[in-house]
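> Below is the file upload37.tsv, with TSV, C-alpha atoms.
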```
chain	number	residue	atom	x	y	z
L	1	MET	CA	-27.64	-97.02	-17.37
L	2	GLY	CA	-28.84	-100.42	-16.21
L	3	VAL	CA	-28.84	-101.56	-12.60
L	4	LYS	CA	-25.85	-103.90	-13.07
L	5	SER	CA	-23.79	-101.18	-14.73
L	6	ARG	CA	-24.68	-98.76	-11.94
L	7	GLU	CA	-23.61	-101.29	-9.31
L	8	LYS	CA	-20.20	-101.53	-10.99
L	9	LEU	CA	-19.98	-97.74	-11.12
L	10	ASN	CA	-20.90	-97.55	-7.44
L	11	LYS	CA	-18.11	-99.98	-6.49
L	12	TRP	CA	-15.64	-97.98	-8.56
L	13	TYR	CA	-16.87	-94.74	-6.95
L	14	ASN	CA	-16.35	-96.01	-3.41
L	15	LYS	CA	-12.71	-96.76	-4.19
L	16	ARG	CA	-12.02	-93.11	-5.12
L	17	ASN	CA	-10.43	-90.64	-2.73
L	18	ILE	CA	-12.25	-87.48	-1.67
L	19	ASP	CA	-10.68	-85.33	-4.39
L	20	GLU	CA	-11.78	-87.77	-7.09
L	21	LYS	CA	-15.29	-87.95	-5.63
L	22	VAL	CA	-15.50	-84.17	-5.70
L	23	VAL	CA	-14.57	-84.15	-9.41
L	24	PHE	CA	-17.17	-86.86	-10.08
L	25	GLN	CA	-19.82	-84.87	-8.22
L	26	ASN	CA	-18.99	-81.64	-10.03
L	27	ILE	CA	-19.26	-83.30	-13.44
L	28	PHE	CA	-22.16	-85.71	-12.99
L	29	CYS	CA	-24.45	-84.59	-10.13
L	30	LYS	CA	-26.87	-82.69	-12.39
L	31	ILE	CA	-27.00	-85.00	-15.41
L	32	PHE	CA	-30.68	-85.84	-14.78
L	33	ARG	CA	-31.79	-82.25	-14.20
L	34	ASN	CA	-33.79	-80.51	-16.95
L	35	THR	CA	-33.97	-83.66	-19.06
L	36	ASN	CA	-36.45	-86.44	-19.74
L	37	THR	CA	-33.76	-89.03	-19.02
L	38	THR	CA	-34.44	-90.94	-15.80
L	39	ILE	CA	-32.71	-93.51	-13.65
L	40	GLU	CA	-33.90	-97.03	-12.88
L	41	ASP	CA	-35.05	-97.68	-9.32
L	42	GLY	CA	-32.29	-98.95	-7.10
L	43	LEU	CA	-29.77	-98.02	-4.43
L	44	TRP	CA	-26.48	-96.14	-4.18
L	45	THR	CA	-24.07	-96.69	-1.30
L	46	VAL	CA	-21.39	-94.41	0.07
L	47	ASN	CA	-18.74	-95.03	2.70
L	48	PHE	CA	-18.10	-92.53	5.48
L	49	MET	CA	-15.46	-93.32	8.09
L	50	GLY	CA	-15.91	-97.05	7.69
L	51	LYS	CA	-19.71	-97.00	7.72
L	52	GLU	CA	-21.96	-97.61	4.74
L	53	ILE	CA	-24.86	-95.27	3.99
L	54	VAL	CA	-27.52	-96.42	1.52
L	55	LEU	CA	-29.39	-93.86	-0.57
L	56	PRO	CA	-32.50	-94.61	-2.66
L	57	LEU	CA	-32.65	-93.92	-6.39
L	58	LYS	CA	-36.17	-93.60	-7.78
L	59	LYS	CA	-37.25	-93.03	-11.35
L	60	GLU	CA	-39.81	-90.34	-10.46
L	61	SER	CA	-37.22	-88.26	-8.58
L	62	SER	CA	-34.12	-89.14	-10.60
L	63	TRP	CA	-32.47	-85.71	-10.65
L	64	LEU	CA	-32.81	-85.15	-6.92
L	65	ASP	CA	-31.95	-88.67	-5.74
L	66	TRP	CA	-28.88	-88.85	-7.94
L	67	ASP	CA	-27.70	-85.40	-6.84
L	68	ASN	CA	-28.06	-86.34	-3.16
L	69	ALA	CA	-26.36	-89.71	-3.69
L	70	VAL	CA	-23.18	-88.32	-5.23
L	71	SER	CA	-23.15	-85.18	-3.07
L	72	ILE	CA	-23.53	-86.58	0.45
L	73	VAL	CA	-19.77	-86.95	0.96
L	74	ALA	CA	-18.45	-84.86	-1.96
L	75	HIS	CA	-20.39	-81.57	-1.76
L	76	ASP	CA	-18.62	-78.97	0.41
L	77	PRO	CA	-15.63	-81.30	0.93
L	78	ASP	CA	-14.01	-78.84	3.34
L	79	VAL	CA	-16.97	-79.37	5.67
L	80	LYS	CA	-16.95	-83.16	5.31
L	81	ILE	CA	-13.20	-83.38	5.96
L	82	THR	CA	-13.71	-81.22	9.06
L	83	TYR	CA	-16.37	-83.64	10.28
L	84	GLU	CA	-13.96	-86.55	9.83
L	85	ASN	CA	-11.24	-84.69	11.73
L	86	LEU	CA	-13.57	-83.85	14.61
L	87	LEU	CA	-14.97	-87.37	14.81
L	88	SER	CA	-11.43	-88.78	14.91
L	89	ARG	CA	-10.39	-86.74	17.95
L	90	ASP	CA	-9.96	-88.20	21.42
L	91	LYS	CA	-12.66	-85.83	22.73
L	92	LYS	CA	-15.67	-87.36	21.06
L	93	ILE	CA	-18.65	-85.55	19.62
L	94	LYS	CA	-21.67	-86.85	21.53
L	95	THR	CA	-24.49	-84.67	20.18
L	96	PHE	CA	-24.77	-82.92	16.81
L	97	PHE	CA	-27.31	-80.22	15.93
L	98	ASP	CA	-27.95	-79.85	12.19
L	99	ILE	CA	-29.65	-76.47	11.71
L	100	GLY	CA	-30.96	-76.02	8.19
L	101	ALA	CA	-30.83	-79.77	7.61
L	102	ASN	CA	-32.72	-79.84	4.31
L	103	TYR	CA	-32.79	-83.54	3.29
L	104	GLY	CA	-30.60	-84.42	6.28
L	105	THR	CA	-27.50	-85.58	4.41
L	106	HIS	CA	-25.16	-83.99	6.98
L	107	SER	CA	-27.21	-85.62	9.73
L	108	MET	CA	-26.83	-89.01	8.09
L	109	LEU	CA	-23.06	-88.80	8.34
L	110	PHE	CA	-23.24	-88.40	12.12
L	111	LEU	CA	-26.05	-90.89	12.60
L	112	SER	CA	-23.96	-93.47	10.76
L	113	GLN	CA	-21.28	-93.00	13.42
L	114	GLY	CA	-23.70	-93.53	16.30
L	115	ILE	CA	-23.79	-89.82	17.21
L	116	ARG	CA	-27.00	-88.44	18.70
L	117	THR	CA	-28.29	-86.04	16.07
L	118	ILE	CA	-31.09	-83.47	16.10
L	119	SER	CA	-31.98	-82.12	12.66
L	120	PHE	CA	-33.83	-78.81	12.34
L	121	GLU	CA	-35.61	-78.24	9.04
L	122	PRO	CA	-38.71	-76.00	8.82
L	123	ASN	CA	-39.89	-77.37	5.46
L	124	PRO	CA	-42.19	-80.22	6.54
L	125	GLY	CA	-42.14	-81.72	3.06
L	126	LEU	CA	-38.56	-82.83	3.60
L	127	LYS	CA	-39.22	-84.68	6.84
L	128	ILE	CA	-40.84	-87.69	5.16
L	129	GLN	CA	-37.85	-88.12	2.84
L	130	PHE	CA	-35.43	-87.88	5.75
L	131	GLU	CA	-37.39	-90.41	7.78
L	132	ASN	CA	-37.46	-92.81	4.82
L	133	LEU	CA	-33.70	-92.44	4.49
L	134	CYS	CA	-33.24	-93.18	8.19
L	135	GLN	CA	-35.51	-96.21	7.95
L	136	LEU	CA	-33.59	-97.53	4.96
L	137	ASN	CA	-30.37	-97.33	6.99
L	138	ASN	CA	-31.91	-98.46	10.29
L	139	LEU	CA	-30.92	-95.18	11.96
L	140	ALA	CA	-32.82	-93.27	14.63
L	141	GLY	CA	-33.02	-89.79	13.16
L	142	ASN	CA	-35.02	-86.92	14.67
L	143	MET	CA	-36.05	-84.01	12.45
L	144	GLU	CA	-37.72	-81.06	14.17
L	145	SER	CA	-39.89	-78.94	11.85
L	146	TYR	CA	-38.85	-75.57	13.27
L	147	ALA	CA	-37.12	-72.54	11.88
L	148	ILE	CA	-34.43	-71.41	14.32
L	149	GLY	CA	-33.90	-67.74	15.07
L	150	ASP	CA	-33.64	-65.17	17.87
L	151	THR	CA	-37.30	-65.12	18.89
L	152	LYS	CA	-40.37	-67.34	19.22
L	153	GLY	CA	-43.42	-67.19	16.99
L	154	ALA	CA	-44.23	-67.95	13.36
L	155	VAL	CA	-42.50	-66.91	10.16
L	156	ASN	CA	-42.89	-67.32	6.42
L	157	LEU	CA	-40.50	-69.75	4.74
L	158	PHE	CA	-39.88	-69.19	1.03
L	159	PHE	CA	-38.25	-71.82	-1.17
L	160	PRO	CA	-37.99	-72.84	-4.85
L	161	THR	CA	-39.78	-76.13	-5.37
L	162	ASP	CA	-36.89	-77.33	-7.54
L	163	ALA	CA	-34.18	-76.18	-5.10
L	164	THR	CA	-35.52	-76.60	-1.58
L	165	TRP	CA	-32.03	-76.21	-0.11
L	166	LEU	CA	-32.32	-72.48	-0.86
L	167	GLY	CA	-35.24	-72.08	1.54
L	168	THR	CA	-35.00	-68.92	3.63
L	169	ILE	CA	-36.89	-66.72	6.08
L	170	VAL	CA	-34.69	-63.69	5.36
L	171	ASN	CA	-36.41	-60.99	3.28
L	172	SER	CA	-33.28	-59.91	1.39
L	173	GLU	CA	-32.61	-63.52	0.39
L	174	VAL	CA	-36.22	-63.91	-0.72
L	175	ASP	CA	-35.90	-60.86	-2.97
L	176	PHE	CA	-32.73	-62.31	-4.47
L	177	LEU	CA	-34.37	-65.69	-5.16
L	178	LYS	CA	-37.35	-64.09	-6.84
L	179	GLY	CA	-35.05	-63.00	-9.66
L	180	SER	CA	-34.45	-66.57	-10.84
L	181	HIS	CA	-37.01	-68.85	-9.16
L	182	GLU	CA	-40.72	-69.24	-8.64
L	183	LEU	CA	-41.12	-69.42	-4.89
L	184	GLN	CA	-43.49	-71.31	-2.64
L	185	LYS	CA	-44.44	-69.81	0.74
L	186	ILE	CA	-45.49	-71.62	3.90
L	187	GLU	CA	-45.84	-70.47	7.49
L	188	VAL	CA	-43.61	-72.36	9.93
L	189	PRO	CA	-43.01	-72.22	13.69
L	190	LEU	CA	-39.99	-70.23	14.86
L	191	ILE	CA	-38.08	-70.93	18.09
L	192	THR	CA	-34.69	-70.19	19.58
L	193	LEU	CA	-32.06	-72.81	20.17
L	194	ASP	CA	-31.88	-71.70	23.81
L	195	GLU	CA	-35.56	-72.53	24.23
L	196	TYR	CA	-35.19	-75.92	22.56
L	197	VAL	CA	-32.19	-76.92	24.67
L	198	GLN	CA	-33.80	-75.73	27.89
L	199	THR	CA	-37.00	-77.66	27.10
L	200	HIS	CA	-35.37	-80.90	25.95
L	201	LYS	CA	-32.25	-80.85	28.17
L	202	ILE	CA	-29.95	-81.69	25.25
L	203	GLN	CA	-26.63	-79.86	24.95
L	204	PRO	CA	-24.86	-80.06	21.56
L	205	ASP	CA	-21.09	-80.52	21.21
L	206	LEU	CA	-21.19	-79.53	17.54
L	207	ILE	CA	-23.62	-77.28	15.68
L	208	LYS	CA	-23.87	-76.83	11.92
L	209	ILE	CA	-25.73	-73.75	10.68
L	210	ASP	CA	-26.78	-73.40	7.05
L	211	THR	CA	-29.82	-71.13	6.97
L	212	GLU	CA	-29.39	-68.97	3.85
L	213	GLY	CA	-28.62	-65.65	5.51
L	214	ASN	CA	-30.24	-66.25	8.92
L	215	GLU	CA	-27.05	-67.39	10.65
L	216	ILE	CA	-26.63	-64.35	12.90
L	217	ASN	CA	-30.18	-64.70	14.24
L	218	VAL	CA	-29.65	-68.39	14.94
L	219	LEU	CA	-26.53	-67.46	16.92
L	220	ARG	CA	-28.26	-64.69	18.87
L	221	GLY	CA	-30.96	-67.14	19.87
L	222	ALA	CA	-28.32	-69.61	21.11
L	223	THR	CA	-26.42	-67.35	23.51
L	224	GLU	CA	-27.02	-69.54	26.56
L	225	VAL	CA	-26.25	-72.74	24.65
L	226	ILE	CA	-22.94	-71.27	23.55
L	227	LYS	CA	-22.07	-69.76	26.95
L	228	ASN	CA	-22.90	-72.92	28.92
L	229	GLY	CA	-21.79	-75.66	26.55
L	230	HIS	CA	-19.09	-74.09	24.36
L	231	PRO	CA	-20.01	-76.13	21.27
L	232	LEU	CA	-18.00	-76.07	18.07
L	233	ILE	CA	-19.98	-74.25	15.37
L	234	VAL	CA	-19.61	-74.97	11.65
L	235	PHE	CA	-21.42	-72.23	9.79
L	236	GLU	CA	-22.08	-70.97	6.29
L	237	SER	CA	-21.66	-67.31	5.35
L	238	ASN	CA	-22.37	-66.82	1.67
L	239	SER	CA	-21.97	-63.05	1.65
L	240	PRO	CA	-19.33	-60.80	3.26
L	241	LYS	CA	-22.17	-58.36	3.95
L	242	GLY	CA	-23.13	-59.76	7.37
L	243	ARG	CA	-19.79	-61.09	8.52
L	244	LYS	CA	-18.90	-58.20	10.82
L	245	GLU	CA	-21.98	-58.95	12.92
L	246	ILE	CA	-21.00	-62.61	13.08
L	247	TRP	CA	-17.41	-61.70	13.97
L	248	THR	CA	-18.55	-59.35	16.75
L	249	PHE	CA	-20.88	-62.02	18.14
L	250	PHE	CA	-18.16	-64.66	18.30
L	251	ASN	CA	-15.64	-62.20	19.72
L	252	GLU	CA	-18.04	-61.38	22.56
L	253	CYS	CA	-18.50	-65.12	23.20
L	254	LYS	CA	-14.69	-65.59	23.25
L	255	TYR	CA	-14.66	-67.70	20.10
L	256	LYS	CA	-12.15	-67.71	17.25
L	257	VAL	CA	-13.09	-68.24	13.60
L	258	TYR	CA	-11.09	-70.69	11.49
L	259	ASP	CA	-11.02	-71.58	7.84
L	260	LEU	CA	-12.05	-75.06	6.69
L	261	PRO	CA	-11.03	-77.80	6.58
L	262	PHE	CA	-10.29	-77.60	10.30
L	263	GLY	CA	-8.24	-79.97	12.41
L	264	ASN	CA	-4.57	-79.20	11.83
L	265	SER	CA	-2.81	-78.58	15.16
L	266	SER	CA	-0.75	-75.76	13.60
L	267	GLN	CA	-3.82	-74.00	12.18
L	268	LEU	CA	-4.24	-70.34	13.13
L	269	PRO	CA	-7.51	-68.43	13.53
L	270	LEU	CA	-8.53	-66.02	10.80
L	271	PRO	CA	-7.85	-62.30	11.34
L	272	GLY	CA	-10.98	-60.19	11.05
L	273	GLU	CA	-10.23	-58.64	7.67
L	274	GLU	CA	-9.36	-62.01	6.18
L	275	PHE	CA	-12.69	-63.42	7.38
L	276	PHE	CA	-14.62	-60.40	6.10
L	277	ASN	CA	-13.08	-60.62	2.63
L	278	SER	CA	-12.79	-64.41	2.25
L	279	GLN	CA	-14.17	-65.88	-0.96
L	280	LYS	CA	-15.01	-69.08	0.92
L	281	PHE	CA	-18.45	-69.81	2.33
L	282	ASN	CA	-17.84	-72.27	5.18
L	283	PHE	CA	-16.07	-71.64	8.48
L	284	ILE	CA	-15.86	-72.96	12.03
L	285	ALA	CA	-16.03	-71.05	15.31
L	286	VAL	CA	-14.05	-72.56	18.18
L	287	PRO	CA	-13.98	-71.56	21.87
L	288	GLU	CA	-10.73	-69.80	22.77
L	289	GLN	CA	-10.03	-72.23	25.61
L	290	LEU	CA	-10.31	-75.29	23.36
L	291	PRO	CA	-6.98	-76.51	21.95
L	292	VAL	CA	-6.94	-76.74	18.17
```
Taking this structure as input, can you express it in the form of structure tokens?


Amino acid sequence: MGVKSREKLNKWYNKRNIDEKVVFQNIFCKIFRNTNTTIEDGLWTVNFMGKEIVLPLKKESSWLDWDNAVSIVAHDPDVKITYENLLSRDKKIKTFFDIGANYGTHSMLFLSQGIRTISFEPNPGLKIQFENLCQLNNLAGNMESYAIGDTKGAVNLFFPTDATWLGTIVNSEVDFLKGSHELQKIEVPLITLDEYVQTHKIQPDLIKIDTEGNEINVLRGATEVIKNGHPLIVFESNSPKGRKEIWTFFNECKYKVYDLPFGNSSQLPLPGEEFFNSQKFNFIAVPEQLPV
């Protein structure tokens, strides 16, 4: 596809609603993967809540750039709709923590809205790409190259070179990935969120956690942050296996777990068994005292 044709496609794309963009992403996001076909250098723009985000498209990284471009607002639409609902509320989100930021596409959504955003991604190879994306959009992003957990030290990060978003520090997840990927290993610094907040004096209003099985440890290392600031917490839970621990943690913190998308005033919290057995992967934890 030539540049002019892609520009026309981009304009057409930005006129679609979220459901149509999701269909487009599902069908076309991987068309450059495992093929010699490449894309011409250029740009792709997306609109999020009235703001334009520009994403680079480069020939040498066609499959990844194209996937990111059509996924930034359409992948995990329940999460993105939740973000829109939260950003539209009278009580504004002032600070967003993106834990497990990967290429920082979630962070870009908040940065585009003028929200202070701290992105945590232990894979240092992704930081340069995120910073280039911020520079392209004239946004002041901040990516911290830490893994977040319940202790301080160093830990091995394992990730497939062709699927960095699956990076994990959890041994059971590493064993699972070994069945279908060749993994790279690097040692990365590990800190708790409590330590980071205490050191930098930054309290988040909203936290997103996507750490491939390490969610409970991130939460345990953020006890003071949660107790003192009562942030909303959007989190991924890919397997029902560890959900009882997560449920117990939130119950002790006086939080309720809700399905996504979140933001309907009549929405009810999930009962425990429904959360444990849900086939969905994304949820939000909300302080009991906060009106839905």

> Please measure the separation of CA of His106 in chain L and CA of Pro271 in chain L, giving the value in Å to one decimal.

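Pair CA of His106 in chain L / CA of Pro271 in chain L returns 28.1 Å.
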
> For Asp194 in chain L, please output as a list in words all residues within 10 Å (counting all atoms listed in the file; exclusion window: fewer than 3 positions along the same chain).

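Answer for this query is Ile148, Gly149, Asp150, Thr151, Ile191, Val197, Gln198, Thr199, Gln203, Val218, Leu219, Arg220, Gly221, Ala222, Thr223, Glu224, Val225 and Ile226 of chain L.
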
> Rounded to one decimal in Å, what is the spacing between CA of Asn68 in chain L and CA of Tyr103 in chain L?

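Going from CA of Asn68 in chain L over to CA of Tyr103 in chain L, I get 8.5 Å.
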
> Please, what distance in Å, to one decimal, runs between CA of Thr37 in chain L and CA of Arg6 in chain L?

15.1 Å

> Considering only C-alpha atoms, can you say which of L:Pro269, L:Gly229, L:Gly263, L:Pro287 comes closest to Leu86 in chain L?

L:Gly263

> Residues near Ile93 in chain L, anyone? I mean within 8 Å using all atoms listed in the file, not counting same-chain ones fewer than 4 positions away, as a list in words.

Leu86, Leu87, Ile115, Asp205 and Leu206 of chain L

> Excluding Thr35 in chain L and residues on its chain fewer than 5 positions from it, collect all residues at most 12 Å away from it, counting only C-alpha atoms, and give them as a PyMOL selection string.

chain L and resi 30+61-63

> Can you pull out the residues contacting Gly100 in chain L? Cut-off 12 Å, using all atoms listed in the file, and skip same-chain residues under 6 positions away; I want them as a VMD selection string.

chain L and resid 106 to 107 118 to 123 126 143 to 149 157 164 to 169 207 to 215 218 234 to 236

> With only C-alpha atoms counted, which protein, DNA or RNA residues have an atom no more than 9 Å from (-34.6, -82.6, -8.5) in the file frame? Please answer as a PyMOL selection string.

chain L and resi 30+32-34+61-67+161-163

> Which residues, written as a list in words, have at least one atom at most 8 Å from range 7-14 of chain L, with all atoms listed in the file counted and residues fewer than 2 positions away on the same chain left out?

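Contacts, in chain order: Val3, Lys4, Ser5, Arg16, Lys21, Trp44, Thr45, Val46 and Asn47 of chain L.
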
> Need the neighbours of (-41.4, -67.0, -9.0): which residues are at most 12 Å away, counting all atoms listed in the file, as a list in words?

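Residues close enough to count: Phe158, Phe159, Pro160, Thr161, Asp162, Val174, Asp175, Phe176, Leu177, Lys178, Gly179, Ser180, His181, Glu182, Leu183, Gln184 and Lys185 of chain L.
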